[in-house]
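Have a look at query.txt below; it lists compact mmCIF, C-alpha atoms.
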# COMPACT_ATOMS: atom_id res chain seq x y z
CA MET A 1 -21.35 35.88 -25.24
CA LEU A 2 -18.23 36.45 -27.30
CA ALA A 3 -18.48 40.16 -26.64
CA ARG A 4 -18.71 39.49 -22.87
CA VAL A 5 -15.67 37.23 -22.89
CA SER A 6 -13.52 39.59 -24.93
CA SER A 7 -14.59 42.51 -22.76
CA THR A 8 -13.07 40.75 -19.72
CA PRO A 9 -9.48 41.98 -19.44
CA ALA A 10 -6.86 39.20 -19.41
CA PHE A 11 -5.64 40.10 -15.90
CA LYS A 12 -9.13 39.27 -14.61
CA ARG A 13 -8.52 35.60 -15.41
CA LEU A 14 -5.31 35.31 -13.46
CA PRO A 15 -6.89 35.91 -10.03
CA ARG A 16 -9.34 33.04 -10.68
CA ALA A 17 -6.52 30.58 -11.43
CA VAL A 18 -4.53 31.87 -8.47
CA ARG A 19 -7.59 31.68 -6.23
CA GLU A 20 -8.27 28.09 -7.30
CA GLN A 21 -4.73 27.11 -6.43
CA GLN A 22 -5.12 28.82 -3.03
CA MET A 23 -8.32 26.84 -2.43
CA LEU A 24 -6.61 23.61 -3.45
CA ASP A 25 -3.65 24.43 -1.17
CA ALA A 26 -6.10 24.98 1.71
CA ALA A 27 -8.05 21.82 0.85
CA VAL A 28 -4.91 19.64 0.71
CA LYS A 29 -3.86 21.02 4.10
CA VAL A 30 -7.26 20.49 5.76
CA PHE A 31 -7.90 17.04 4.20
CA SER A 32 -4.51 15.78 5.30
CA ARG A 33 -4.96 17.23 8.81
CA ARG A 34 -8.55 16.03 9.41
CA GLY A 35 -9.13 13.19 6.95
CA PHE A 36 -11.78 13.32 4.25
CA HIS A 37 -14.81 12.71 6.49
CA ALA A 38 -13.94 15.12 9.29
CA ALA A 39 -12.72 17.91 6.99
CA SER A 40 -15.26 20.75 6.80
CA MET A 41 -15.83 23.12 3.90
CA ASP A 42 -15.95 25.91 6.51
CA GLU A 43 -12.38 25.25 7.57
CA ILE A 44 -11.19 24.99 3.96
CA ALA A 45 -12.91 28.29 3.08
CA ASP A 46 -11.46 29.93 6.21
CA ASP A 47 -7.96 28.71 5.43
CA ALA A 48 -8.22 29.95 1.83
CA GLY A 49 -9.59 33.31 3.05
CA ILE A 50 -12.69 32.98 0.90
CA SER A 51 -16.43 32.48 1.58
CA LYS A 52 -17.85 28.95 1.61
CA PRO A 53 -20.35 29.62 -1.22
CA MET A 54 -17.37 30.76 -3.33
CA VAL A 55 -15.54 27.48 -2.68
CA TYR A 56 -18.65 25.56 -3.82
CA ALA A 57 -18.98 27.86 -6.86
CA TYR A 58 -15.35 27.36 -7.88
CA LEU A 59 -14.73 23.70 -7.16
CA GLY A 60 -18.06 22.03 -6.32
CA THR A 61 -18.89 19.61 -3.51
CA LYS A 62 -16.44 18.24 -0.95
CA GLU A 63 -16.12 15.04 -3.05
CA GLU A 64 -15.34 17.07 -6.18
CA LEU A 65 -12.87 19.21 -4.26
CA PHE A 66 -11.10 16.08 -3.02
CA VAL A 67 -10.90 14.66 -6.55
CA ALA A 68 -9.49 18.03 -7.73
CA CYS A 69 -6.80 17.75 -5.01
CA LEU A 70 -5.99 14.19 -6.08
CA HIS A 71 -5.67 15.23 -9.72
CA ARG A 72 -3.48 18.24 -8.99
CA GLU A 73 -1.12 16.33 -6.70
CA GLY A 74 -1.02 13.32 -9.02
CA THR A 75 -0.31 15.44 -12.10
CA ARG A 76 2.44 17.33 -10.27
CA MET A 77 4.02 14.03 -9.27
CA MET A 78 3.85 12.54 -12.76
CA GLN A 79 5.37 15.76 -14.18
CA ALA A 80 8.23 15.62 -11.69
CA ILE A 81 9.00 12.03 -12.70
CA ALA A 82 8.56 12.64 -16.44
CA GLY A 83 10.86 15.67 -16.23
CA ALA A 84 13.61 13.42 -14.84
CA ALA A 85 13.24 10.78 -17.57
CA ALA A 86 15.93 10.47 -20.24
CA PRO A 87 15.25 7.47 -22.50
CA ASP A 88 18.81 7.27 -23.87
CA LEU A 89 20.42 6.58 -20.47
CA PRO A 90 21.19 3.08 -19.14
CA ALA A 91 18.24 1.43 -17.37
CA ASP A 92 19.71 1.70 -13.86
CA GLU A 93 20.37 5.41 -14.25
CA ARG A 94 16.84 5.99 -15.61
CA LEU A 95 15.35 4.14 -12.65
CA TRP A 96 17.56 6.11 -10.26
CA ARG A 97 16.49 9.44 -11.76
CA GLY A 98 12.83 8.49 -11.67
CA LEU A 99 13.10 7.39 -8.05
CA ARG A 100 15.02 10.50 -7.05
CA ALA A 101 12.35 12.71 -8.65
CA PHE A 102 9.57 10.71 -7.00
CA PHE A 103 11.02 10.75 -3.48
CA GLY A 104 12.02 14.39 -3.97
CA PHE A 105 8.37 15.16 -4.76
CA VAL A 106 7.06 13.24 -1.75
CA GLY A 107 9.62 14.90 0.54
CA ALA A 108 8.63 18.36 -0.70
CA HIS A 109 4.88 17.66 -0.53
CA ARG A 110 4.39 15.53 2.58
CA ASP A 111 0.90 17.04 3.05
CA GLY A 112 0.02 16.27 -0.55
CA TRP A 113 1.18 12.67 -0.21
CA ALA A 114 -1.13 12.26 2.77
CA VAL A 115 -4.06 13.37 0.60
CA LEU A 116 -3.00 11.65 -2.59
CA TYR A 117 -2.28 8.33 -1.04
CA ARG A 118 -3.40 7.71 2.50
CA GLN A 119 -6.84 9.27 2.35
CA ALA A 120 -7.65 8.02 -1.12
CA ARG A 121 -6.55 4.41 -0.92
CA GLY A 122 -9.37 3.15 1.27
CA GLU A 123 -12.24 5.45 0.28
CA GLN A 124 -14.51 3.77 -2.25
CA PRO A 125 -14.95 6.48 -4.90
CA PHE A 126 -11.32 7.64 -4.68
CA ALA A 127 -9.59 4.27 -4.43
CA GLY A 128 -10.44 3.77 -8.12
CA GLU A 129 -8.68 7.03 -9.07
CA LEU A 130 -5.61 5.96 -7.15
CA ALA A 131 -5.67 2.47 -8.69
CA ALA A 132 -5.70 4.09 -12.14
CA MET A 133 -2.63 6.21 -11.26
CA ARG A 134 -0.86 3.13 -9.89
CA ALA A 135 -1.70 1.19 -13.08
CA ARG A 136 -0.05 3.98 -15.11
CA MET A 137 3.07 3.78 -12.92
CA VAL A 138 3.17 -0.02 -13.27
CA GLU A 139 2.95 0.35 -17.07
CA VAL A 140 5.79 2.89 -17.09
CA VAL A 141 8.04 0.63 -14.98
CA ALA A 142 7.16 -2.52 -16.99
CA GLY A 143 7.88 -0.58 -20.20
CA MET A 144 11.27 0.48 -18.85
CA LEU A 145 12.20 -3.09 -17.92
CA ASP A 146 11.04 -4.30 -21.35
CA HIS A 147 13.13 -1.59 -23.03
CA ALA A 148 16.23 -2.59 -21.06
CA LEU A 149 15.73 -6.29 -21.90
CA ARG A 150 15.25 -5.62 -25.62
CA ALA A 151 18.42 -3.55 -25.65
CA GLU A 152 20.17 -6.78 -24.67
CA GLY A 153 18.28 -8.74 -27.34
CA ARG A 154 16.13 -10.56 -24.77
CA GLU A 155 12.43 -10.72 -24.16
CA VAL A 156 10.20 -11.59 -21.19
CA ALA A 157 6.42 -12.22 -21.25
CA GLU A 158 4.43 -9.04 -20.62
CA ALA A 159 2.55 -10.61 -17.68
CA GLU A 160 5.90 -11.46 -16.04
CA LEU A 161 7.16 -7.89 -16.36
CA GLU A 162 3.89 -6.56 -14.97
CA VAL A 163 4.30 -8.64 -11.82
CA VAL A 164 7.86 -7.40 -11.28
CA ALA A 165 6.66 -3.85 -11.88
CA TYR A 166 3.90 -4.28 -9.26
CA ALA A 167 6.48 -5.35 -6.71
CA LEU A 168 8.74 -2.39 -7.49
CA VAL A 169 5.87 0.11 -7.39
CA GLY A 170 4.66 -1.39 -4.09
CA ALA A 171 8.12 -1.15 -2.55
CA THR A 172 8.40 2.46 -3.68
CA GLU A 173 4.97 3.37 -2.26
CA SER A 174 5.86 1.80 1.05
CA LEU A 175 9.11 3.78 1.27
CA ALA A 176 7.29 6.98 0.28
CA ASP A 177 4.91 6.39 3.17
CA TRP A 178 7.91 5.97 5.46
CA LEU A 179 9.48 9.16 4.08
CA ALA A 180 6.26 11.16 4.60
CA ASP A 181 6.33 10.14 8.28
CA HIS A 182 10.00 11.05 8.79
CA ALA A 183 10.39 14.81 8.38
CA GLU A 184 14.15 14.52 8.97
CA ALA A 185 14.73 11.81 6.32
CA ASP A 186 16.55 12.79 3.12
CA PRO A 187 14.61 12.05 -0.13
CA GLU A 188 17.75 11.43 -2.20
CA LYS A 189 19.11 9.00 0.36
CA THR A 190 15.73 7.24 0.32
CA ALA A 191 15.96 6.91 -3.48
CA THR A 192 19.43 5.37 -3.11
CA ARG A 193 18.08 2.88 -0.56
CA MET A 194 15.30 1.93 -2.94
CA MET A 195 17.92 1.34 -5.67
CA ASN A 196 19.76 -0.99 -3.33
CA VAL A 197 16.61 -3.00 -2.74
CA ALA A 198 15.16 -2.91 -6.24
CA TRP A 199 18.23 -2.98 -8.39
CA VAL A 200 20.98 -4.69 -6.55
CA GLY A 201 18.72 -6.91 -4.49
CA ALA A 202 18.80 -7.85 -0.85
CA ALA A 203 21.26 -10.70 -1.46
CA GLN A 204 23.82 -8.34 -2.98
CA LEU A 205 23.27 -5.92 -0.11
CA LEU A 206 23.95 -8.69 2.39
CA GLN A 207 27.21 -9.47 0.59
CA GLY A 208 28.20 -5.84 1.02
CA THR A 209 27.65 -4.78 -2.60
CA THR A 210 25.86 -1.47 -2.87
CA TRP A 211 24.71 0.51 -5.86
CA ARG A 212 25.87 4.13 -5.87
CA PRO A 213 24.40 7.03 -7.81
CA PRO A 214 26.64 8.22 -10.69
CA ALA A 215 28.87 11.17 -9.73
CA ALA A 216 26.87 14.31 -10.53
CA MET B 1 -20.05 -17.22 39.74
CA LEU B 2 -17.69 -20.16 39.97
CA ALA B 3 -20.62 -22.50 40.56
CA ARG B 4 -22.37 -21.14 37.46
CA VAL B 5 -19.33 -21.59 35.27
CA SER B 6 -18.60 -25.11 36.44
CA SER B 7 -22.27 -26.07 36.06
CA THR B 8 -22.07 -25.24 32.33
CA PRO B 9 -21.12 -28.46 30.57
CA ALA B 10 -18.00 -28.21 28.41
CA PHE B 11 -19.86 -29.13 25.21
CA LYS B 12 -22.02 -26.01 25.69
CA ARG B 13 -18.98 -23.82 25.05
CA LEU B 14 -18.14 -25.39 21.70
CA PRO B 15 -21.29 -24.22 19.88
CA ARG B 16 -20.55 -20.65 20.94
CA ALA B 17 -17.03 -20.80 19.49
CA VAL B 18 -18.33 -22.48 16.33
CA ARG B 19 -21.11 -19.92 16.03
CA GLU B 20 -18.66 -17.04 16.44
CA GLN B 21 -16.52 -18.45 13.65
CA GLN B 22 -19.63 -18.76 11.45
CA MET B 23 -20.49 -15.13 12.17
CA LEU B 24 -16.94 -14.05 11.37
CA ASP B 25 -17.01 -16.10 8.14
CA ALA B 26 -20.26 -14.35 7.18
CA ALA B 27 -18.90 -10.93 8.19
CA VAL B 28 -15.68 -11.36 6.17
CA LYS B 29 -17.76 -12.37 3.14
CA VAL B 30 -20.20 -9.44 3.43
CA PHE B 31 -17.56 -6.81 4.27
CA SER B 32 -15.43 -7.83 1.30
CA ARG B 33 -18.45 -7.90 -1.02
CA ARG B 34 -20.01 -4.58 0.07
CA GLY B 35 -17.26 -2.60 1.75
CA PHE B 36 -17.41 -1.55 5.39
CA HIS B 37 -19.91 1.30 4.99
CA ALA B 38 -22.43 -0.48 2.76
CA ALA B 39 -22.30 -3.79 4.66
CA SER B 40 -25.42 -4.30 6.78
CA MET B 41 -25.71 -6.25 10.00
CA ASP B 42 -28.94 -7.72 8.56
CA GLU B 43 -27.08 -9.32 5.67
CA ILE B 44 -24.32 -10.62 7.97
CA ALA B 45 -26.92 -12.12 10.35
CA ASP B 46 -28.80 -13.64 7.37
CA ASP B 47 -25.65 -15.15 5.92
CA ALA B 48 -24.67 -16.62 9.29
CA GLY B 49 -28.22 -17.98 9.80
CA ILE B 50 -28.61 -16.18 13.12
CA SER B 51 -30.73 -13.27 14.37
CA LYS B 52 -29.32 -9.75 14.28
CA PRO B 53 -29.65 -9.20 18.08
CA MET B 54 -27.58 -12.39 18.52
CA VAL B 55 -24.82 -11.00 16.29
CA TYR B 56 -24.74 -7.83 18.40
CA ALA B 57 -24.79 -9.92 21.60
CA TYR B 58 -21.87 -12.09 20.46
CA LEU B 59 -19.60 -9.63 18.68
CA GLY B 60 -20.85 -6.09 19.32
CA THR B 61 -21.29 -3.21 16.89
CA LYS B 62 -20.40 -3.26 13.20
CA GLU B 63 -17.09 -1.53 14.05
CA GLU B 64 -16.29 -4.16 16.68
CA LEU B 65 -17.26 -6.94 14.30
CA PHE B 66 -14.93 -5.51 11.66
CA VAL B 67 -12.05 -5.31 14.14
CA ALA B 68 -12.77 -8.95 15.13
CA CYS B 69 -12.53 -9.93 11.43
CA LEU B 70 -9.25 -8.03 11.10
CA HIS B 71 -7.81 -9.75 14.17
CA ARG B 72 -8.86 -13.23 13.10
CA GLU B 73 -7.54 -12.88 9.55
CA GLY B 74 -4.35 -11.17 10.73
CA THR B 75 -3.68 -13.83 13.37
CA ARG B 76 -4.29 -16.63 10.86
CA MET B 77 -1.84 -14.99 8.47
CA MET B 78 0.85 -14.52 11.12
CA GLN B 79 0.42 -18.16 12.20
CA ALA B 80 0.81 -19.37 8.61
CA ILE B 81 4.06 -17.41 8.27
CA ALA B 82 5.39 -18.36 11.71
CA GLY B 83 4.65 -22.03 10.99
CA ALA B 84 6.89 -21.84 7.94
CA ALA B 85 9.80 -20.21 9.80
CA ALA B 86 12.90 -22.25 10.58
CA PRO B 87 15.59 -20.06 12.18
CA ASP B 88 18.45 -22.46 11.41
CA LEU B 89 18.03 -22.27 7.61
CA PRO B 90 20.00 -19.90 5.36
CA ALA B 91 18.44 -16.43 5.06
CA ASP B 92 17.28 -16.85 1.46
CA GLU B 93 15.48 -20.08 2.23
CA ARG B 94 13.84 -18.55 5.29
CA LEU B 95 12.63 -15.60 3.23
CA TRP B 96 11.38 -17.97 0.54
CA ARG B 97 9.45 -20.09 3.03
CA GLY B 98 7.91 -17.02 4.67
CA LEU B 99 6.87 -15.62 1.29
CA ARG B 100 5.46 -18.94 0.12
CA ALA B 101 3.39 -19.22 3.31
CA PHE B 102 2.22 -15.62 2.97
CA PHE B 103 1.17 -15.83 -0.68
CA GLY B 104 -0.33 -19.27 -0.03
CA PHE B 105 -2.45 -17.68 2.71
CA VAL B 106 -3.57 -14.79 0.50
CA GLY B 107 -4.36 -17.18 -2.37
CA ALA B 108 -6.47 -19.38 -0.08
CA HIS B 109 -8.24 -16.42 1.58
CA ARG B 110 -8.79 -13.88 -1.18
CA ASP B 111 -11.98 -12.66 0.60
CA GLY B 112 -10.07 -12.30 3.86
CA TRP B 113 -7.32 -10.29 2.19
CA ALA B 114 -9.93 -7.89 0.85
CA VAL B 115 -11.16 -7.30 4.41
CA LEU B 116 -7.80 -7.37 6.10
CA TYR B 117 -6.09 -5.03 3.74
CA ARG B 118 -8.19 -3.11 1.24
CA GLN B 119 -11.05 -2.11 3.49
CA ALA B 120 -8.89 -1.38 6.49
CA ARG B 121 -6.08 0.62 4.96
CA GLY B 122 -8.05 3.83 4.35
CA GLU B 123 -10.59 3.78 7.16
CA GLN B 124 -9.50 5.93 10.06
CA PRO B 125 -10.07 3.66 13.10
CA PHE B 126 -8.87 0.52 11.25
CA ALA B 127 -5.87 1.96 9.40
CA GLY B 128 -4.12 2.11 12.79
CA GLU B 129 -4.71 -1.63 13.40
CA LEU B 130 -3.30 -2.41 9.96
CA ALA B 131 -0.30 -0.12 10.50
CA ALA B 132 0.44 -2.01 13.73
CA MET B 133 0.38 -5.36 11.88
CA ARG B 134 2.62 -3.94 9.15
CA ALA B 135 5.04 -2.64 11.80
CA ARG B 136 5.26 -6.18 13.22
CA MET B 137 6.01 -7.58 9.77
CA VAL B 138 8.66 -4.90 9.18
CA GLU B 139 10.27 -5.82 12.50
CA VAL B 140 10.30 -9.53 11.59
CA VAL B 141 11.90 -8.85 8.20
CA ALA B 142 14.45 -6.37 9.64
CA GLY B 143 15.31 -8.94 12.33
CA MET B 144 15.86 -11.61 9.69
CA LEU B 145 18.18 -9.35 7.68
CA ASP B 146 20.07 -8.43 10.85
CA HIS B 147 20.41 -12.11 11.76
CA ALA B 148 21.80 -12.93 8.29
CA LEU B 149 24.28 -10.06 8.47
CA ARG B 150 25.51 -11.00 11.95
CA ALA B 151 26.02 -14.60 10.76
CA GLU B 152 28.59 -13.09 8.37
CA GLY B 153 30.13 -10.99 11.14
CA ARG B 154 28.74 -7.75 9.73
CA GLU B 155 26.40 -5.12 11.10
CA VAL B 156 24.14 -2.46 9.61
CA ALA B 157 22.42 0.41 11.48
CA GLU B 158 18.93 -0.54 12.68
CA ALA B 159 17.34 2.43 10.88
CA GLU B 160 18.92 1.26 7.63
CA LEU B 161 17.54 -2.26 7.99
CA GLU B 162 14.11 -0.86 8.82
CA VAL B 163 14.01 1.07 5.55
CA VAL B 164 14.97 -2.01 3.51
CA ALA B 165 12.34 -4.01 5.40
CA TYR B 166 9.68 -1.37 4.58
CA ALA B 167 10.49 -1.68 0.89
CA LEU B 168 10.32 -5.49 1.00
CA VAL B 169 7.04 -5.49 2.94
CA GLY B 170 5.58 -2.90 0.53
CA ALA B 171 6.60 -4.96 -2.51
CA THR B 172 5.05 -8.05 -0.93
CA GLU B 173 1.78 -6.24 -0.13
CA SER B 174 1.55 -4.95 -3.67
CA LEU B 175 2.02 -8.45 -5.12
CA ALA B 176 -0.52 -9.88 -2.67
CA ASP B 177 -3.01 -7.32 -3.93
CA TRP B 178 -2.24 -8.44 -7.48
CA LEU B 179 -2.65 -12.09 -6.46
CA ALA B 180 -6.01 -11.41 -4.79
CA ASP B 181 -7.26 -9.93 -8.09
CA HIS B 182 -6.02 -12.85 -10.23
CA ALA B 183 -7.95 -15.97 -9.28
CA GLU B 184 -5.95 -18.03 -11.80
CA ALA B 185 -2.53 -16.94 -10.48
CA ASP B 186 -0.45 -19.49 -8.58
CA PRO B 187 0.62 -18.38 -5.05
CA GLU B 188 3.90 -20.36 -5.10
CA LYS B 189 4.86 -18.89 -8.47
CA THR B 190 4.08 -15.44 -7.03
CA ALA B 191 6.40 -16.15 -4.08
CA THR B 192 9.16 -17.13 -6.52
CA ARG B 193 8.66 -13.91 -8.47
CA MET B 194 8.92 -11.93 -5.24
CA MET B 195 12.19 -13.72 -4.46
CA ASN B 196 13.51 -12.68 -7.86
CA VAL B 197 12.70 -9.06 -7.14
CA ALA B 198 13.64 -8.94 -3.48
CA TRP B 199 16.54 -11.30 -3.29
CA VAL B 200 18.23 -11.43 -6.62
CA GLY B 201 17.29 -7.90 -7.60
CA ALA B 202 16.06 -6.48 -10.86
CA ALA B 203 19.58 -6.07 -12.22
CA GLN B 204 20.30 -9.78 -11.79
CA LEU B 205 16.96 -10.60 -13.37
CA LEU B 206 17.81 -8.45 -16.38
CA GLN B 207 21.09 -10.34 -16.73
CA GLY B 208 19.14 -13.58 -16.88
CA THR B 209 20.01 -14.79 -13.37
CA THR B 210 17.00 -16.13 -11.52
CA TRP B 211 16.65 -17.45 -8.02
CA ARG B 212 15.04 -20.89 -7.84
CA PRO B 213 13.36 -22.51 -4.85
CA PRO B 214 15.40 -25.41 -3.40
CA ALA B 215 14.35 -28.81 -4.76
CA ALA B 216 11.65 -30.12 -2.41

For this file, write the structure as structure tokens.
Amino acid sequence: MLARVSSTPAFKRLPRAVREQQMLDAAVKVFSRRGFHAASMDEIADDAGISKPMVYAYLGTKEELFVACLHREGTRMMQAIAGAAAPDLPADERLWRGLRAFFGFVGAHRDGWAVLYRQARGEQPFAGELAAMRARMVEVVAGMLDHALRAEGREVAEAELEVVAYALVGATESLADWLADHAEADPEKTATRMMNVAWVGAAQLLQGTTWRPPAA
Amino acid sequence: MLARVSSTPAFKRLPRAVREQQMLDAAVKVFSRRGFHAASMDEIADDAGISKPMVYAYLGTKEELFVACLHREGTRMMQAIAGAAAPDLPADERLWRGLRAFFGFVGAHRDGWAVLYRQARGEQPFAGELAAMRARMVEVVAGMLDHALRAEGREVAEAELEVVAYALVGATESLADWLADHAEADPEKTATRMMNVAWVGAAQLLQGTTWRPPAA
């Protein structure tokens, strides 16, 4: 076994990884175009320029392929947001950076959002995966609010913060859905709008107060 | 035809309406317990205490029955919100009343919410119905914001208001989902929390400012 592995030149492994990404690219495209049920493995194989048995060999059944798409898109999104985080900044600027990264990701991967979110949210086996991702996001947002409160020497019950975080995550999801449907909409402007709703609040907006991103 | 209709005594029509409501009650219960795909017409008929052919005769196929459930629950919800509306009140109190009615509805119909929202949002033919209801809610909220702005002699582009309304509706949906999962949670308290997020804004909340419902 060891001898077989070591006899495989390193460059042989790269095509497999590249090929898997090509298959996932094709799968994301076909799933978001057709929906999970109507998508066919034939079309995915065709789009990836690979035989259908090879798709099964690499990534398994249609269900497994869909879960692989969900995981790849979800991980990419979380990485984009984590990369924007900077724990030493003021809370509003951290929220702004996270939102900008999130809407930037959705704007750049409108197809992926359709798979990650719209297809998965109602389908029984996948809705659980999505709920787990949302729970992670809620925890991150609640943790950020808690951090900002503690910095001011105050404290709010965990359950209370969780509810506020649910509302913020729900508002953000709804706007992401809107952004995915509007090819001409600007992701950064959408993040600023979300700041005006989430941070400044509708009442402040009505009074003409608006939050602006810090000068870059 | 006319003769046949007028020969049917009025009290004969009542049982049909009552029976339809019983079937819809049973269908909402079974769909929310099993999910759309796993729900069987046998179980719905059993639960309603009626034969399966009668269910088909009254309300059609499983798809049609599901759409009938969606329409009934959606209409009930819209009526609850509309009943709480009072156009002459200040904007914050109108929003508060609408939210209280909405969360009160969800809290009283947790089964219905599961059908109306969770089952429908991912299923291809039904997701469109749900999107249409959401679009109506977005329009109502955008109209309310517009009305409040005009009362102050100001104006904001329609597209801008629509985006804010999407965020508010998304936040509200997310909290309703949370409420449906927490049998012990109080709907009115949830409406107050939503006001604190939507109206006062997270920044105000962090500063210790909280919006309170007007004394009843």

Sorted per-residue table, chain A near chain B, closest atoms and distance, 7 Å, only C-alpha atoms, as a tab-separated table:
residue	atom	partner	partner_atom	distance
A:Arg118	CA	B:Gly122	CA	6.3
A:Gln119	CA	B:Gly122	CA	5.9
A:Ala120	CA	B:Gly122	CA	6.9
A:Arg121	CA	B:Gly122	CA	5.5
A:Gly122	CA	B:Gly122	CA	3.4
A:Glu123	CA	B:Gly122	CA	6.1
A:Leu149	CA	B:Leu206	CA	6.3
A:Val164	CA	B:Val197	CA	6.6
A:Tyr166	CA	B:Ser174	CA	6.1
A:Ala167	CA	B:Ala171	CA	4.2
A:Leu168	CA	B:Ala171	CA	6.0
A:Gly170	CA	B:Ala171	CA	4.4
A:Ala171	CA	B:Ala171	CA	4.1
A:Thr172	CA	B:Ala167	CA	6.5
A:Glu173	CA	B:Gly170	CA	6.9
A:Ser174	CA	B:Gly170	CA	4.7
A:Leu175	CA	B:Ala167	CA	5.6
A:Val197	CA	B:Val164	CA	6.5
A:Ala198	CA	B:Gly201	CA	5.6
A:Trp199	CA	B:Ala202	CA	4.8
A:Val200	CA	B:Gly201	CA	5.0
A:Gly201	CA	B:Gly201	CA	3.6
A:Ala202	CA	B:Trp199	CA	4.8
A:Ala203	CA	B:Trp199	CA	5.1
A:Leu206	CA	B:Leu149	CA	6.2

Kindly compute an axis-aligned box around the listed atoms of segment 79-97 of chain A, allowing 6 Å on each side, and express its centre and edge lengths in Å to one decimal as JSON.
{"center_x": 13.3, "center_y": 8.6, "center_z": -17.1, "size_x": 27.8, "size_y": 26.3, "size_z": 25.6}

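Closest to His109 of chain A among A:Thr192, A:Asp42, A:Val28, A:Ala151 is A:Val28, based on all atoms listed in the file.
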
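The coordinates place atom CA of Ala157 of chain B at 14.4 Å from atom CA of Lys189 of chain A.
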
- Task: Might you pull out every residue within 9 Å of Gly49 of chain B, with only C-alpha atoms counted and same-chain residues fewer than 5 positions away left off, and present them as a PyMOL selection string?
- Result: chain B and resi 22-23+44

- Message: Using all atoms listed in the file, which protein or nucleic acid residues come within 10 Å of Leu24 of chain B? Drop anything in the same chain fewer than 3 positions from it, and give the result as a PyMOL selection string.
- Response: chain B and resi 18-21+27-30+44+48+55+59+65-66+68-70+72-73

Output C-alpha atoms for every residue in that selection, as a compact mmCIF listing (two decimals), in the coordinates of the input.
# COMPACT_ATOMS: atom_id res chain seq x y z
CA VAL B 18 -18.33 -22.48 16.33
CA ARG B 19 -21.11 -19.92 16.03
CA GLU B 20 -18.66 -17.04 16.44
CA GLN B 21 -16.52 -18.45 13.65
CA ALA B 27 -18.90 -10.93 8.19
CA VAL B 28 -15.68 -11.36 6.17
CA LYS B 29 -17.76 -12.37 3.14
CA VAL B 30 -20.20 -9.44 3.43
CA ILE B 44 -24.32 -10.62 7.97
CA ALA B 48 -24.67 -16.62 9.29
CA VAL B 55 -24.82 -11.00 16.29
CA LEU B 59 -19.60 -9.63 18.68
CA LEU B 65 -17.26 -6.94 14.30
CA PHE B 66 -14.93 -5.51 11.66
CA ALA B 68 -12.77 -8.95 15.13
CA CYS B 69 -12.53 -9.93 11.43
CA LEU B 70 -9.25 -8.03 11.10
CA ARG B 72 -8.86 -13.23 13.10
CA GLU B 73 -7.54 -12.88 9.55

- So how many Å separate atom CA of Pro15 of chain A and atom CA of Val106 of chain A, to one decimal? 27.9 Å

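Near Pro53 of chain A, within a cut-off of 10 Å and counting all atoms listed in the file, sit the residues Met41, Asp42, Ala45, Ala57, Tyr58 and Gly60 of chain A, with same-chain residues fewer than 4 positions away left out.
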
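When the distance limit is 12 Å and all atoms listed in the file are what count, the residues near Leu89 of chain A, minus those fewer than 4 positions from it on the same chain, are Ala84, Ala85, Glu93, Arg94, Leu95, Trp96, Arg97, Gly98, Met144, His147, Ala148, Ala151 and Pro214 of chain A.
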
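One finds atom CA of His182 of chain A at 14.9 Å from atom CA of Ala135 of chain B.
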
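Take the candidates B:Gly112, B:Gly107, B:Pro90, B:Gly74 and check each one against Glu184 of chain B using only C-alpha atoms; the shortest distance goes to B:Gly107.
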
- Task: Would you list the residues near (8.2, 13.4, -13.4) (no more than 10 Å away, in the coordinates of the file, using only C-alpha atoms) as a PyMOL selection string?
- Result: chain A and resi 75-85+97-102+105

Keeping C-alpha atoms for every residue in the selection just given, could you write it to a file as a PDB file, keeping the file's coordinate frame?
ATOM      1  CA  THR A  75      -0.310  15.440 -12.100  1.00  0.00           C
ATOM      2  CA  ARG A  76       2.440  17.330 -10.270  1.00  0.00           C
ATOM      3  CA  MET A  77       4.020  14.030  -9.270  1.00  0.00           C
ATOM      4  CA  MET A  78       3.850  12.540 -12.760  1.00  0.00           C
ATOM      5  CA  GLN A  79       5.370  15.760 -14.180  1.00  0.00           C
ATOM      6  CA  ALA A  80       8.230  15.620 -11.690  1.00  0.00           C
ATOM      7  CA  ILE A  81       9.000  12.030 -12.700  1.00  0.00           C
ATOM      8  CA  ALA A  82       8.560  12.640 -16.440  1.00  0.00           C
ATOM      9  CA  GLY A  83      10.860  15.670 -16.230  1.00  0.00           C
ATOM     10  CA  ALA A  84      13.610  13.420 -14.840  1.00  0.00           C
ATOM     11  CA  ALA A  85      13.240  10.780 -17.570  1.00  0.00           C
ATOM     12  CA  ARG A  97      16.490   9.440 -11.760  1.00  0.00           C
ATOM     13  CA  GLY A  98      12.830   8.490 -11.670  1.00  0.00           C
ATOM     14  CA  LEU A  99      13.100   7.390  -8.050  1.00  0.00           C
ATOM     15  CA  ARG A 100      15.020  10.500  -7.050  1.00  0.00           C
ATOM     16  CA  ALA A 101      12.350  12.710  -8.650  1.00  0.00           C
ATOM     17  CA  PHE A 102       9.570  10.710  -7.000  1.00  0.00           C
ATOM     18  CA  PHE A 105       8.370  15.160  -4.760  1.00  0.00           C
TER      19      PHE A 105
END
